[in-house]
2 protein chains.
Amino acid sequence: MTQLMLTSTVENYLKALLKLSNQGENRVSTGDLAKALHVTPGSATSMIKTLAEAGLAHHKPHYGVLLTEKGHILAVHVVRRHRIIELFLVNVLEMEWDEVHAEAEQLEHVVSDEVITRMDKLLGYPTLDPHGDPIPTADGMFIERPLHPLSQCEAGQRVQVARISDQNSSFLKFAESHGLTLGATIEVQRRNEHAESITLQSNEEEITLGFTAANRIEVEFVK
Amino acid sequence: MTQLMLTSTVENYLKALLKLSNQGENRVSTGDLAKALHVTPGSATSMIKTLAEAGLAHHKPHYGVLLTEKGHILAVHVVRRHRIIELFLVNVLEMEWDEVHAEAEQLEHVVSDEVITRMDKLLGYPTLDPHGDPIPTADGMFIERPLHPLSQCEAGQRVQVARISDQNSSFLKFAESHGLTLGATIEVQRRNEHAESITLQSNEEEITLGFTAANRIEVEFVK
DNA sequence: CACTCCTTTTTGATTAGTCAAAAATTATAC
DNA sequence: GTATAATTTTTGACTAATCAAAAAGGAGTG
């Protein structure tokens with residue numbers, strides 16, 4: 001149980017582990033972790049061992065990694081900082097929603113709890129960040145909404161955009177320019193299973209998205 | 001002229017060099033630099049060589065260091081970021097003036113120009129930070145005011161506190177608790193050259209400061 | 001079971017920044 | 001002007017994080 005500095009690097013590994021363990025089965029493979037962080041598998045292995053020694057992750061060699069409770073709590077707090085900062089940059093500093101991710105990625109590692117507390121207060125204790133992602137509470141709770149990936153919606157369905165979980169600035173710009181912003185109401189015109197695409201009516205215009213793109217947009221049904 | 005990453009470490013060396021070259025004669029000694037940054041002289045020497053190779057400092061071995069124009073510009077920009085952040089933390093996030101220095105010390109290395117520009121605008125293009133230090137303009141100009149160290153004021157003089165250039169939180173708390181805040185008007189009661197102290201009337205109370213403490217407080221004369 | 005393929009781990013090297021301690025240089029004192 | 005003190009530089013070693021490439025492990029196919 002060696003004591004470990006919570007460097008930016010360590011925090012980024014924790015965040016990636018949290019994200020990856022929530023999609024698909026729980027255990028995270030070294031390869032997936034390495035890809036998510038743009039490092040070689042060897043680098044990932046060595047950091048995994050470091051995290052395990054510090055009691056932040058369980059590691060069964062050749063099988064997979066998983067955060068411990070301690071590691072999970074730390075990771076959630078990094079996510080909380082990130083999302084509060086994003087919302088702060090948009091609501092207070094009036095930055096564009098597509099440029100705040102990169103900025104928050106830097107700030108999340110250096111901003112103190114004191115500052116996060118004050119931002120949270122100034123923002124009125126928000127529950128969602130500018131992309132519709134839930135902001136964990138100060139004691140580490142996520143409030144998840146029952147949302148549906150746009151890629152799985154049927155023709156004729158009227159839905160409301162609730163979350164765009166892509167951090168790529170150009171995708172966000174594209175979405176916005178076609179009326180796909182949080183809260184916008186759109187209607188699914190048709191699906192094409194062979195083309196793996198879905199066509200929407202949004203903002204007086206028709207737009208077709210591939211399933212993978214549509215998968216990154218989550219919606220609520222509108223009756 | 002090796003290209004150099006502007007890491008936090010490098011920026012801190014540049015900032016320290018800027019500060020030290022403005023007090024006393026221009027050249028900065030390795031020892032003073034090391035002390036300012038709490039590193040050993042050997043560490044300072046090695047970073048000085050790195051800075052010199054990158055064209056950010058001139059180094060004459062065993063004599064001293066000095067920033068080049070390029071290094072100077074970079075250093076001033078770090079100071080600008082620091083002071084805008086400090087003011088932002090006090091004015092927008094309502095933090096205490098004594099706790100913002102440490103926070104800004106971290107943030108100054110990661111906040112983007114975009115964010116600084118927006119903070120600057122939101123604050124109304126300020127010229128002074130919460131401690132009365134001038135904020136350099138975006139093109140690197142300092143607007144210095146003609147101030148006088150409190151330690152050199154004569155008995156009977158009425159003065160206004162204009163700058164408290166100490167980054168130590170407990171000193172700032174102490175000053176504030178005795179009415180020594182920016183803009184406060186105080187009167188010098190007497191000096192004692194042997195005791196190296198100066199006694200002031202401030203806020204209905206009398207307070208005596210040693211010359212070194214009083215030296216960190218700068219004032220304007222009030223007629 | 002044996003062979004291949006893919007993934008993971010290990011090994012050895014590299015870089016930035018640091019320290020401790022030895023060596024070199026400059027400054028001070030008598 | 002030589003000895004001593006103080007400062008600066010050099011040297012060698014260490015840590016965190018990384019990569020490239022070699023070695024080891026596991027899974028699937030026949």
# chains A, B, ... in the order shown; residues from 1 in each chain; ligands from 1

call {"tool": "select_by_dssp", "arguments": {"residues": "segment 12-213 of chain A", "states": "helix (DSSP H, G or I)", "output": "PyMOL selection string"}}
result
chain A and resi 12-21+30-37+41-53+69-91+100-107+113-122+150-152+169-177+211-213

call {"tool": "write_last_selection", "arguments": {"atoms": "C-alpha atoms", "output": "PDB file, in the first residue's frame"}}
result
ATOM      1  CA  ASN A  12      -6.242  10.521 -15.933  1.00  0.00           C
ATOM      2  CA  TYR A  13      -5.705   6.784 -15.543  1.00  0.00           C
ATOM      3  CA  LEU A  14      -8.340   6.671 -12.794  1.00  0.00           C
ATOM      4  CA  LYS A  15     -10.807   8.610 -14.936  1.00  0.00           C
ATOM      5  CA  ALA A  16     -10.235   6.333 -17.920  1.00  0.00           C
ATOM      6  CA  LEU A  17     -10.691   3.237 -15.765  1.00  0.00           C
ATOM      7  CA  LEU A  18     -13.975   4.592 -14.419  1.00  0.00           C
ATOM      8  CA  LYS A  19     -15.252   5.332 -17.904  1.00  0.00           C
ATOM      9  CA  LEU A  20     -14.164   2.028 -19.422  1.00  0.00           C
ATOM     10  CA  SER A  21     -15.528  -0.069 -16.549  1.00  0.00           C
ATOM     11  CA  THR A  30      -4.698  -3.224 -20.562  1.00  0.00           C
ATOM     12  CA  GLY A  31      -5.077  -2.648 -24.285  1.00  0.00           C
ATOM     13  CA  ASP A  32      -8.292  -0.658 -24.004  1.00  0.00           C
ATOM     14  CA  LEU A  33      -6.823   1.442 -21.229  1.00  0.00           C
ATOM     15  CA  ALA A  34      -3.709   2.106 -23.275  1.00  0.00           C
ATOM     16  CA  LYS A  35      -5.794   3.127 -26.287  1.00  0.00           C
ATOM     17  CA  ALA A  36      -7.990   5.457 -24.237  1.00  0.00           C
ATOM     18  CA  LEU A  37      -4.928   7.246 -22.915  1.00  0.00           C
ATOM     19  CA  PRO A  41       0.359  -1.178 -23.544  1.00  0.00           C
ATOM     20  CA  GLY A  42       3.626  -1.398 -21.625  1.00  0.00           C
ATOM     21  CA  SER A  43       3.062   2.040 -20.109  1.00  0.00           C
ATOM     22  CA  ALA A  44      -0.451   1.044 -19.085  1.00  0.00           C
ATOM     23  CA  THR A  45       0.760  -2.162 -17.443  1.00  0.00           C
ATOM     24  CA  SER A  46       3.311  -0.293 -15.401  1.00  0.00           C
ATOM     25  CA  MET A  47       0.809   2.305 -14.205  1.00  0.00           C
ATOM     26  CA  ILE A  48      -1.732  -0.407 -13.404  1.00  0.00           C
ATOM     27  CA  LYS A  49       0.838  -2.003 -11.114  1.00  0.00           C
ATOM     28  CA  THR A  50       1.490   1.343  -9.475  1.00  0.00           C
ATOM     29  CA  LEU A  51      -2.232   1.888  -8.895  1.00  0.00           C
ATOM     30  CA  ALA A  52      -2.610  -1.620  -7.511  1.00  0.00           C
ATOM     31  CA  GLU A  53       0.264  -1.096  -5.079  1.00  0.00           C
ATOM     32  CA  GLU A  69     -13.618   1.621  -3.809  1.00  0.00           C
ATOM     33  CA  LYS A  70     -10.892   4.105  -2.940  1.00  0.00           C
ATOM     34  CA  GLY A  71      -9.900   4.440  -6.586  1.00  0.00           C
ATOM     35  CA  HIS A  72     -13.517   4.769  -7.629  1.00  0.00           C
ATOM     36  CA  ILE A  73     -14.150   7.607  -5.205  1.00  0.00           C
ATOM     37  CA  LEU A  74     -11.090   9.486  -6.429  1.00  0.00           C
ATOM     38  CA  ALA A  75     -12.102   8.996 -10.062  1.00  0.00           C
ATOM     39  CA  VAL A  76     -15.625  10.256  -9.457  1.00  0.00           C
ATOM     40  CA  HIS A  77     -14.217  13.361  -7.838  1.00  0.00           C
ATOM     41  CA  VAL A  78     -12.071  14.085 -10.862  1.00  0.00           C
ATOM     42  CA  VAL A  79     -15.172  13.739 -13.052  1.00  0.00           C
ATOM     43  CA  ARG A  80     -17.078  16.057 -10.735  1.00  0.00           C
ATOM     44  CA  ARG A  81     -14.364  18.678 -10.964  1.00  0.00           C
ATOM     45  CA  HIS A  82     -14.252  18.339 -14.728  1.00  0.00           C
ATOM     46  CA  ARG A  83     -17.974  18.812 -15.243  1.00  0.00           C
ATOM     47  CA  ILE A  84     -18.372  21.692 -12.818  1.00  0.00           C
ATOM     48  CA  ILE A  85     -15.473  23.441 -14.537  1.00  0.00           C
ATOM     49  CA  GLU A  86     -17.029  22.856 -17.974  1.00  0.00           C
ATOM     50  CA  LEU A  87     -20.327  24.358 -16.890  1.00  0.00           C
ATOM     51  CA  PHE A  88     -18.558  27.250 -15.224  1.00  0.00           C
ATOM     52  CA  LEU A  89     -16.624  28.027 -18.393  1.00  0.00           C
ATOM     53  CA  VAL A  90     -19.832  28.062 -20.424  1.00  0.00           C
ATOM     54  CA  ASN A  91     -22.167  29.818 -17.986  1.00  0.00           C
ATOM     55  CA  VAL A 100     -14.531  23.701 -22.813  1.00  0.00           C
ATOM     56  CA  HIS A 101     -13.673  20.020 -22.705  1.00  0.00           C
ATOM     57  CA  ALA A 102      -9.992  20.505 -23.500  1.00  0.00           C
ATOM     58  CA  GLU A 103      -9.735  23.379 -21.029  1.00  0.00           C
ATOM     59  CA  ALA A 104     -11.429  21.424 -18.230  1.00  0.00           C
ATOM     60  CA  GLU A 105      -9.110  18.518 -18.952  1.00  0.00           C
ATOM     61  CA  GLN A 106      -6.234  20.694 -17.761  1.00  0.00           C
ATOM     62  CA  LEU A 107      -7.951  22.541 -14.951  1.00  0.00           C
ATOM     63  CA  ASP A 113     -11.817  21.808  -3.569  1.00  0.00           C
ATOM     64  CA  GLU A 114     -12.418  25.311  -2.269  1.00  0.00           C
ATOM     65  CA  VAL A 115     -12.739  26.661  -5.802  1.00  0.00           C
ATOM     66  CA  ILE A 116     -14.962  23.793  -6.907  1.00  0.00           C
ATOM     67  CA  THR A 117     -17.247  24.416  -3.937  1.00  0.00           C
ATOM     68  CA  ARG A 118     -17.553  28.089  -4.843  1.00  0.00           C
ATOM     69  CA  MET A 119     -18.152  27.415  -8.526  1.00  0.00           C
ATOM     70  CA  ASP A 120     -20.808  24.875  -7.564  1.00  0.00           C
ATOM     71  CA  LYS A 121     -22.543  27.448  -5.373  1.00  0.00           C
ATOM     72  CA  LEU A 122     -22.323  30.210  -7.986  1.00  0.00           C
ATOM     73  CA  LEU A 150     -30.718   8.135 -30.748  1.00  0.00           C
ATOM     74  CA  SER A 151     -29.307   5.295 -32.856  1.00  0.00           C
ATOM     75  CA  GLN A 152     -31.992   2.968 -31.508  1.00  0.00           C
ATOM     76  CA  SER A 169     -14.983  19.773 -30.647  1.00  0.00           C
ATOM     77  CA  SER A 170     -15.720  19.381 -34.343  1.00  0.00           C
ATOM     78  CA  PHE A 171     -18.484  16.828 -33.758  1.00  0.00           C
ATOM     79  CA  LEU A 172     -20.084  19.190 -31.242  1.00  0.00           C
ATOM     80  CA  LYS A 173     -19.844  22.094 -33.691  1.00  0.00           C
ATOM     81  CA  PHE A 174     -21.435  19.919 -36.382  1.00  0.00           C
ATOM     82  CA  ALA A 175     -24.264  18.842 -34.084  1.00  0.00           C
ATOM     83  CA  GLU A 176     -24.988  22.394 -33.001  1.00  0.00           C
ATOM     84  CA  SER A 177     -25.020  23.706 -36.549  1.00  0.00           C
ATOM     85  CA  PHE A 211     -25.474   4.747 -36.342  1.00  0.00           C
ATOM     86  CA  THR A 212     -22.140   5.266 -34.632  1.00  0.00           C
ATOM     87  CA  ALA A 213     -22.572   9.039 -34.640  1.00  0.00           C
TER      88      ALA A 213
END

call {"tool": "closest_atom_pairs", "arguments": {"of": "chain D", "to": "chain A", "cutoff": "8 Å", "atoms": "only C-alpha atoms (C1' of nucleotides)", "output": "tab-separated table"}}
result
residue	atom	partner	partner_atom	distance
D:DA17	C1'	A:Ser43	CA	7.9
D:DT18	C1'	A:Ser43	CA	6.6
D:DC19	C1'	A:Thr40	CA	7.2
D:DG25	C1'	A:His62	CA	7.4
D:DG26	C1'	A:His62	CA	7.9

call {"tool": "interface_residues", "arguments": {"of": "chain C", "to": "chain A", "cutoff": "12 Å", "atoms": "only C-alpha atoms (C1' of nucleotides)", "output": "list in words"}}
result
DC6, DT7, DT8, DT9, DT10 and DT11 of chain C

call {"tool": "atom_distance", "arguments": {"atom1": "atom CA of Thr199 of chain A", "atom2": "atom CA of Asp98 of chain A"}}
result
23.5 Å

call {"tool": "residues_around", "arguments": {"residues": "segment 54-58 of chain B", "least_positions_apart": "5", "cutoff": "7 Å", "atoms": "only C-alpha atoms (C1' of nucleotides)", "output": "ChimeraX atom specification"}}
result
/B:1-4,65-68,70-71

call {"tool": "atom_distance", "arguments": {"atom1": "atom CA of Val222 of chain B", "atom2": "atom CA of Thr185 of chain B"}}
result
8.2 Å

call {"tool": "residues_around", "arguments": {"residues": "DT4 of chain D", "least_positions_apart": "6", "cutoff": "12 Å", "atoms": "only C-alpha atoms (C1' of nucleotides)", "output": "list in words"}}
result
DA27, DT28, DA29 and DC30 of chain C

call {"tool": "closest_residue", "arguments": {"among": "B:Arg190, B:His109, B:Arg145, B:His38", "to": "chain A", "atoms": "only C-alpha atoms"}}
result
B:His109

call {"tool": "closest_residue", "arguments": {"among": "A:Ser112, A:Asp133, A:Asn26, A:Glu96", "to": "chain B", "atoms": "only C-alpha atoms"}}
result
A:Ser112

call {"tool": "closest_residue", "arguments": {"among": "A:Val10, A:Val28, A:Phe142, A:Val92", "to": "chain B", "atoms": "only C-alpha atoms"}}
result
A:Val92

call {"tool": "atom_distance", "arguments": {"atom1": "atom CA of Arg216 of chain B", "atom2": "atom CA of Ser165 of chain B"}}
result
5.5 Å

call {"tool": "closest_residue", "arguments": {"among": "B:Gly124, B:Leu93, B:Leu180, B:Ser202", "to": "chain A", "atoms": "only C-alpha atoms"}}
result
B:Leu93

call {"tool": "select_by_dssp", "arguments": {"residues": "segment 142-198 of chain B", "states": "strand (DSSP E)", "output": "JSON, numbers by chain"}}
result
{"B": [148, 149, 158, 159, 160, 161, 162, 163, 164, 185, 186, 187, 188, 189, 190, 191, 192, 197, 198]}

call {"tool": "closest_residue", "arguments": {"among": "A:Glu206, A:Asp166, A:Glu99, A:Glu196", "to": "chain B", "atoms": "only C-alpha atoms"}}
result
A:Glu99
